Structure formats: C-alpha cells, structure tokens
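So this one's input-v7.csv, CSV, N, CA and C atoms and all ligand atoms:
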chain,number,residue,atom,x,y,z
A,24,MET,N,196.3,-9.7,119.2
A,24,MET,CA,197.2,-10.3,120.1
A,24,MET,C,196.5,-10.5,121.5
A,25,GLN,N,196.6,-11.7,122.0
A,25,GLN,CA,195.9,-12.0,123.2
A,25,GLN,C,196.9,-12.5,124.2
A,26,GLY,N,197.2,-11.6,125.2
A,26,GLY,CA,198.2,-12.1,126.3
A,26,GLY,C,197.5,-13.0,127.2
A,27,PRO,N,198.3,-13.9,127.8
A,27,PRO,CA,197.7,-14.9,128.7
A,27,PRO,C,197.1,-14.2,130.0
A,28,ILE,N,197.7,-13.2,130.4
A,28,ILE,CA,197.2,-12.6,131.7
A,28,ILE,C,196.9,-11.1,131.5
A,29,ASN,N,195.7,-10.8,131.4
A,29,ASN,CA,195.3,-9.4,131.2
A,29,ASN,C,195.2,-8.7,132.5
A,30,LEU,N,195.3,-9.4,133.6
A,30,LEU,CA,195.2,-8.8,134.9
A,30,LEU,C,196.5,-7.9,135.2
A,31,VAL,N,197.5,-8.2,134.5
A,31,VAL,CA,198.7,-7.4,134.6
A,31,VAL,C,198.4,-5.9,134.4
A,32,ARG,N,197.4,-5.7,133.6
A,32,ARG,CA,197.1,-4.3,133.3
A,32,ARG,C,196.4,-3.6,134.4
A,33,LEU,N,196.0,-4.3,135.4
A,33,LEU,CA,195.3,-3.7,136.5
A,33,LEU,C,196.3,-2.8,137.3
A,34,ARG,N,195.9,-1.5,137.4
A,34,ARG,CA,196.8,-0.6,138.2
A,34,ARG,C,196.0,0.2,139.1
A,35,GLN,N,196.6,0.6,140.2
A,35,GLN,CA,195.9,1.4,141.1
A,35,GLN,C,195.5,2.8,140.5
A,36,LYS,N,196.5,3.3,139.8
A,36,LYS,CA,196.2,4.6,139.2
A,36,LYS,C,196.0,4.5,137.7
A,37,GLN,N,195.2,5.3,137.2
A,37,GLN,CA,194.9,5.3,135.8
A,37,GLN,C,196.2,5.9,135.1
A,38,PRO,N,196.5,5.4,134.0
A,38,PRO,CA,197.6,5.9,133.2
A,38,PRO,C,197.2,7.3,132.6
A,39,ARG,N,198.1,8.1,132.3
A,39,ARG,CA,197.9,9.4,131.7
A,39,ARG,C,196.9,10.2,132.5
A,40,LEU,N,197.1,10.1,133.8
A,40,LEU,CA,196.3,10.9,134.7
A,40,LEU,C,196.4,12.4,134.4
A,41,LYS,N,195.3,13.0,134.3
A,41,LYS,CA,195.4,14.5,134.0
A,41,LYS,C,194.9,15.2,135.3
A,42,LEU,N,195.7,16.1,135.8
A,42,LEU,CA,195.3,16.8,137.0
A,42,LEU,C,194.9,18.2,136.7
A,43,ASN,N,193.9,18.6,137.4
A,43,ASN,CA,193.6,20.1,137.3
A,43,ASN,C,194.6,20.9,138.1
A,44,PRO,N,194.7,22.2,137.8
A,44,PRO,CA,195.8,23.0,138.4
A,44,PRO,C,195.8,22.9,139.9
A,45,GLU,N,194.7,22.8,140.5
A,45,GLU,CA,194.6,22.7,142.0
A,45,GLU,C,195.2,21.4,142.5
A,46,GLU,N,194.9,20.3,141.8
A,46,GLU,CA,195.4,19.0,142.2
A,46,GLU,C,196.9,19.0,142.0
A,47,TYR,N,197.4,19.6,140.9
A,47,TYR,CA,198.8,19.6,140.6
A,47,TYR,C,199.6,20.4,141.6
A,48,THR,N,199.0,21.5,142.1
A,48,THR,CA,199.7,22.3,143.1
A,48,THR,C,199.8,21.5,144.4
A,49,LEU,N,198.8,20.7,144.7
A,49,LEU,CA,198.8,19.9,145.9
A,49,LEU,C,199.8,18.8,145.7
A,50,LEU,N,199.9,18.2,144.5
A,50,LEU,CA,200.9,17.1,144.3
A,50,LEU,C,202.3,17.7,144.4
A,51,ARG,N,202.5,18.9,143.9
A,51,ARG,CA,203.8,19.5,144.0
A,51,ARG,C,204.2,19.6,145.4
A,52,THR,N,203.3,20.1,146.2
A,52,THR,CA,203.6,20.3,147.6
A,52,THR,C,203.9,19.0,148.3
A,53,ARG,N,203.2,17.9,147.9
A,53,ARG,CA,203.5,16.6,148.5
A,53,ARG,C,204.9,16.2,148.2
A,54,VAL,N,205.3,16.4,146.9
A,54,VAL,CA,206.7,16.1,146.5
A,54,VAL,C,207.7,16.9,147.3
A,55,LEU,N,207.4,18.2,147.4
A,55,LEU,CA,208.4,19.0,148.2
A,55,LEU,C,208.5,18.5,149.6
A,56,GLU,N,207.4,18.2,150.2
A,56,GLU,CA,207.4,17.7,151.6
A,56,GLU,C,208.1,16.4,151.7
A,57,ARG,N,207.9,15.5,150.8
A,57,ARG,CA,208.5,14.2,150.8
A,57,ARG,C,210.0,14.4,150.7
A,58,ASP,N,210.5,15.3,149.9
A,58,ASP,CA,211.9,15.5,149.7
A,58,ASP,C,212.5,16.5,150.7
A,59,GLY,N,211.7,16.9,151.7
A,59,GLY,CA,212.2,17.8,152.8
A,59,GLY,C,212.5,19.2,152.3
A,60,TRP,N,211.8,19.6,151.3
A,60,TRP,CA,212.0,21.0,150.7
A,60,TRP,C,213.5,21.3,150.4
A,61,ARG,N,214.1,20.3,149.8
A,61,ARG,CA,215.5,20.4,149.4
A,61,ARG,C,215.7,19.9,148.0
A,62,CYS,N,216.5,20.5,147.2
A,62,CYS,CA,216.9,20.0,145.9
A,62,CYS,C,217.5,18.6,146.1
A,63,GLN,N,217.1,17.7,145.4
A,63,GLN,CA,217.6,16.3,145.6
A,63,GLN,C,219.0,16.2,144.9
A,64,GLU,N,219.4,17.2,144.2
A,64,GLU,CA,220.7,17.2,143.5
A,64,GLU,C,221.8,17.8,144.4
A,65,CYS,N,221.5,19.0,144.9
A,65,CYS,CA,222.5,19.8,145.6
A,65,CYS,C,222.1,20.2,147.0
A,66,GLY,N,220.9,19.9,147.4
A,66,GLY,CA,220.5,20.2,148.7
A,66,GLY,C,220.0,21.6,149.0
A,67,SER,N,220.0,22.5,147.9
A,67,SER,CA,219.5,23.8,148.1
A,67,SER,C,218.0,23.9,148.5
A,68,MET,N,217.7,24.9,149.2
A,68,MET,CA,216.3,25.1,149.6
A,68,MET,C,215.7,26.3,148.9
A,69,GLU,N,216.3,26.8,147.9
A,69,GLU,CA,215.8,28.0,147.3
A,69,GLU,C,215.5,27.7,145.8
A,70,GLY,N,214.5,28.3,145.3
A,70,GLY,CA,214.1,28.2,143.9
A,70,GLY,C,213.7,26.8,143.6
A,71,LEU,N,212.9,26.2,144.5
A,71,LEU,CA,212.6,24.8,144.2
A,71,LEU,C,211.5,24.6,143.1
A,72,GLU,N,211.8,23.6,142.3
A,72,GLU,CA,210.8,23.2,141.3
A,72,GLU,C,210.6,21.7,141.3
A,73,VAL,N,209.6,21.3,140.7
A,73,VAL,CA,209.3,19.8,140.7
A,73,VAL,C,209.6,19.3,139.3
A,74,HIS,N,210.4,18.3,139.2
A,74,HIS,CA,210.9,17.7,137.9
A,74,HIS,C,210.2,16.4,137.7
A,75,HIS,N,209.8,16.1,136.4
A,75,HIS,CA,209.3,14.8,136.1
A,75,HIS,C,210.5,13.9,135.7
A,76,MET,N,210.7,12.9,136.4
A,76,MET,CA,211.8,12.0,136.1
A,76,MET,C,211.6,11.4,134.7
A,77,LYS,N,210.3,11.0,134.5
A,77,LYS,CA,210.0,10.5,133.2
A,77,LYS,C,209.0,11.5,132.6
A,78,PRO,N,209.5,12.2,131.5
A,78,PRO,CA,208.7,13.4,131.1
A,78,PRO,C,207.3,13.0,130.6
A,79,ARG,N,206.4,13.9,130.6
A,79,ARG,CA,205.1,13.7,130.1
A,79,ARG,C,205.1,13.2,128.7
A,80,SER,N,206.1,13.8,127.9
A,80,SER,CA,206.2,13.4,126.5
A,80,SER,C,206.5,11.9,126.3
A,81,ARG,N,207.0,11.3,127.4
A,81,ARG,CA,207.3,9.9,127.3
A,81,ARG,C,206.4,9.1,128.2
A,82,LEU,N,205.2,9.5,128.2
A,82,LEU,CA,204.1,8.9,129.0
A,82,LEU,C,204.4,8.9,130.5
A,83,GLY,N,205.1,9.9,131.0
A,83,GLY,CA,205.3,10.0,132.4
A,83,GLY,C,204.0,10.6,133.0
A,84,ASP,N,203.6,10.0,134.1
A,84,ASP,CA,202.4,10.4,134.7
A,84,ASP,C,202.7,11.5,135.8
A,85,ASP,N,201.6,12.2,136.1
A,85,ASP,CA,201.7,13.2,137.2
A,85,ASP,C,201.4,12.4,138.5
A,86,VAL,N,202.3,11.6,138.9
A,86,VAL,CA,202.2,10.9,140.2
A,86,VAL,C,203.4,11.2,141.0
A,87,ILE,N,203.3,11.1,142.3
A,87,ILE,CA,204.4,11.5,143.2
A,87,ILE,C,205.7,10.7,142.9
A,88,ASP,N,205.5,9.4,142.5
A,88,ASP,CA,206.7,8.6,142.3
A,88,ASP,C,207.5,9.0,141.0
A,89,ASN,N,206.9,9.8,140.2
A,89,ASN,CA,207.5,10.3,139.0
A,89,ASN,C,208.1,11.7,139.1
A,90,LEU,N,208.0,12.2,140.3
A,90,LEU,CA,208.4,13.6,140.5
A,90,LEU,C,209.5,13.7,141.5
A,91,MET,N,210.4,14.7,141.3
A,91,MET,CA,211.4,15.0,142.3
A,91,MET,C,211.7,16.4,142.4
A,92,THR,N,212.2,16.8,143.6
A,92,THR,CA,212.4,18.2,143.9
A,92,THR,C,213.8,18.6,143.4
A,93,LEU,N,213.9,19.7,142.6
A,93,LEU,CA,215.2,20.2,142.1
A,93,LEU,C,215.1,21.7,142.3
A,94,CYS,N,216.3,22.3,142.5
A,94,CYS,CA,216.3,23.8,142.5
A,94,CYS,C,216.3,24.2,141.0
A,95,ALA,N,216.1,25.5,140.8
A,95,ALA,CA,216.0,26.0,139.4
A,95,ALA,C,217.3,25.7,138.7
A,96,GLY,N,218.5,25.8,139.3
A,96,GLY,CA,219.8,25.6,138.7
A,96,GLY,C,219.9,24.2,138.2
A,97,CYS,N,219.7,23.2,139.1
A,97,CYS,CA,219.8,21.8,138.8
A,97,CYS,C,218.7,21.4,137.8
A,98,HIS,N,217.6,21.9,138.0
A,98,HIS,CA,216.5,21.6,137.1
A,98,HIS,C,216.8,22.0,135.6
A,99,GLY,N,217.4,23.2,135.6
A,99,GLY,CA,217.9,23.7,134.2
A,99,GLY,C,218.8,22.7,133.6
A,100,LYS,N,219.8,22.2,134.4
A,100,LYS,CA,220.8,21.3,133.8
A,100,LYS,C,220.1,20.0,133.3
A,101,CYS,N,219.1,19.6,134.1
A,101,CYS,CA,218.3,18.4,133.7
A,101,CYS,C,217.7,18.6,132.3
A,102,HIS,N,217.4,19.8,131.9
A,102,HIS,CA,216.7,20.0,130.7
A,102,HIS,C,217.7,20.6,129.6
A,103,GLY,N,218.9,20.2,129.7
A,103,GLY,CA,219.9,20.6,128.6
A,103,GLY,C,220.6,21.9,128.9
A,104,GLY,N,220.7,22.2,130.2
A,104,GLY,CA,221.6,23.4,130.5
A,104,GLY,C,220.9,24.7,130.4
A,105,ARG,N,219.7,24.7,129.9
A,105,ARG,CA,219.0,26.0,129.8
A,105,ARG,C,218.3,26.3,131.1
A,106,PRO,N,218.3,27.4,131.6
A,106,PRO,CA,217.6,27.7,132.9
A,106,PRO,C,216.0,27.6,132.7
A,201,ZN,ZN,220.1,22.0,143.1
A,202,ZN,ZN,211.9,19.0,134.7
Would you mind giving the structure from this file in structure tokens?
Amino acid sequence: MQGPINLVRLRQKQPRLKLNPEEYTLLRTRVLERDGWRCQECGSMEGLEVHHMKPRSRLGDDVIDNLMTLCAGCHGKCHGGRP
C-alpha cells in the first residue's frame, strides 16, 4: 500500500517513546505542575498520581499530552474501581 502523502507520518516525537526512570520522574513532575498539583477530577492535592489517558497498552505514549493528574481515589476509579 502506498499512500499519496508519506509526510503525514512526520512527527515531532517518536512514537512508542521509552523513557528511563529519571526522565519519567521529570515528566510526571511536569504534568503535576501543569495541572497545578491538583487532581483533575476532584481537585484534591493529596495522593497525586499521573494517569495515562490513553494507556500504554493501546499505544499511548509517555508524553505530557497523554498524561493527567489524578488523586489515588479518582485514579483507582479510572482503572475499574480498584485502588
Ligand atoms: Zn480526585
Ligand atoms: Zn492510570
């Protein structure tokens, strides 16, 4: 299959970007800062975690646009009610 425009594939970031733990920690901090250190669901500032809006299992990348801040409670609900 040959698409007419291969340039569409050009992206700033590489897909399936794999971060080392240090970079991931930094990325998490950036997400928390962007979201004002508040759960984006309930506004709590405790027990904050970073949630992948599009999970890695569905080709979600470790990029700031794919991550959001949730508290442990809301994050648990996002993953089927388990904490
Ligand atoms: Zn919350
Ligand atoms: Zn999550």
Proximity check chain A to ligand ZN 202 (chain A), 7 Å, nearest pairs one decimal Å, only C-alpha atoms and all ligand atoms, as CSV:
residue,atom,partner,partner_atom,distance
A:Val73,CA,A:ZN202,ZN,6.6
A:His74,CA,A:ZN202,ZN,3.6
A:His75,CA,A:ZN202,ZN,5.1
A:His98,CA,A:ZN202,ZN,5.8
A:Cys101,CA,A:ZN202,ZN,6.5
A:His102,CA,A:ZN202,ZN,6.3
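Restricting the calculation to all atoms listed in the file, the smallest distance between ligand ZN 201 (chain A) and any of A:Asp84, A:Asp58, A:Glu64, A:Glu69 is found for A:Glu64.
Between CA of Arg79 in chain A and CA of Leu49 in chain A lies a distance of 18.1 Å.
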Practice prompt. Residues within 5 Å of ligand ZN 201 (chain A) should be enumerated using only N, CA and C atoms and all ligand atoms and returned as a ChimeraX atom specification.
Written response: /A:62,64-67,94,97
Take the residues from that selection and write them out as a CSV table (one decimal), keeping the file's coordinate frame, keeping N, CA and C atoms.
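Once written, result-v8.csv looks like this:
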chain,number,residue,atom,x,y,z
A,62,CYS,N,216.5,20.5,147.2
A,62,CYS,CA,216.9,20.0,145.9
A,62,CYS,C,217.5,18.6,146.1
A,64,GLU,N,219.4,17.2,144.2
A,64,GLU,CA,220.7,17.2,143.5
A,64,GLU,C,221.8,17.8,144.4
A,65,CYS,N,221.5,19.0,144.9
A,65,CYS,CA,222.5,19.8,145.6
A,65,CYS,C,222.1,20.2,147.0
A,66,GLY,N,220.9,19.9,147.4
A,66,GLY,CA,220.5,20.2,148.7
A,66,GLY,C,220.0,21.6,149.0
A,67,SER,N,220.0,22.5,147.9
A,67,SER,CA,219.5,23.8,148.1
A,67,SER,C,218.0,23.9,148.5
A,94,CYS,N,216.3,22.3,142.5
A,94,CYS,CA,216.3,23.8,142.5
A,94,CYS,C,216.3,24.2,141.0
A,97,CYS,N,219.7,23.2,139.1
A,97,CYS,CA,219.8,21.8,138.8
A,97,CYS,C,218.7,21.4,137.8
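Between CA of Gly103 in chain A and CA of Tyr47 in chain A the separation is 24.3 Å.
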Response to the item:
note - CA of Thr52 in chain A and CA of Ile87 in chain A are separated by 9.9 Å
Worksheet entry | Protein/DNA/RNA residues near (208.5, 6.0, 134.4), cut 8 Å, only N, CA and C atoms, as a PyMOL selection string | chain A and resi 76-78+81-84+88-89
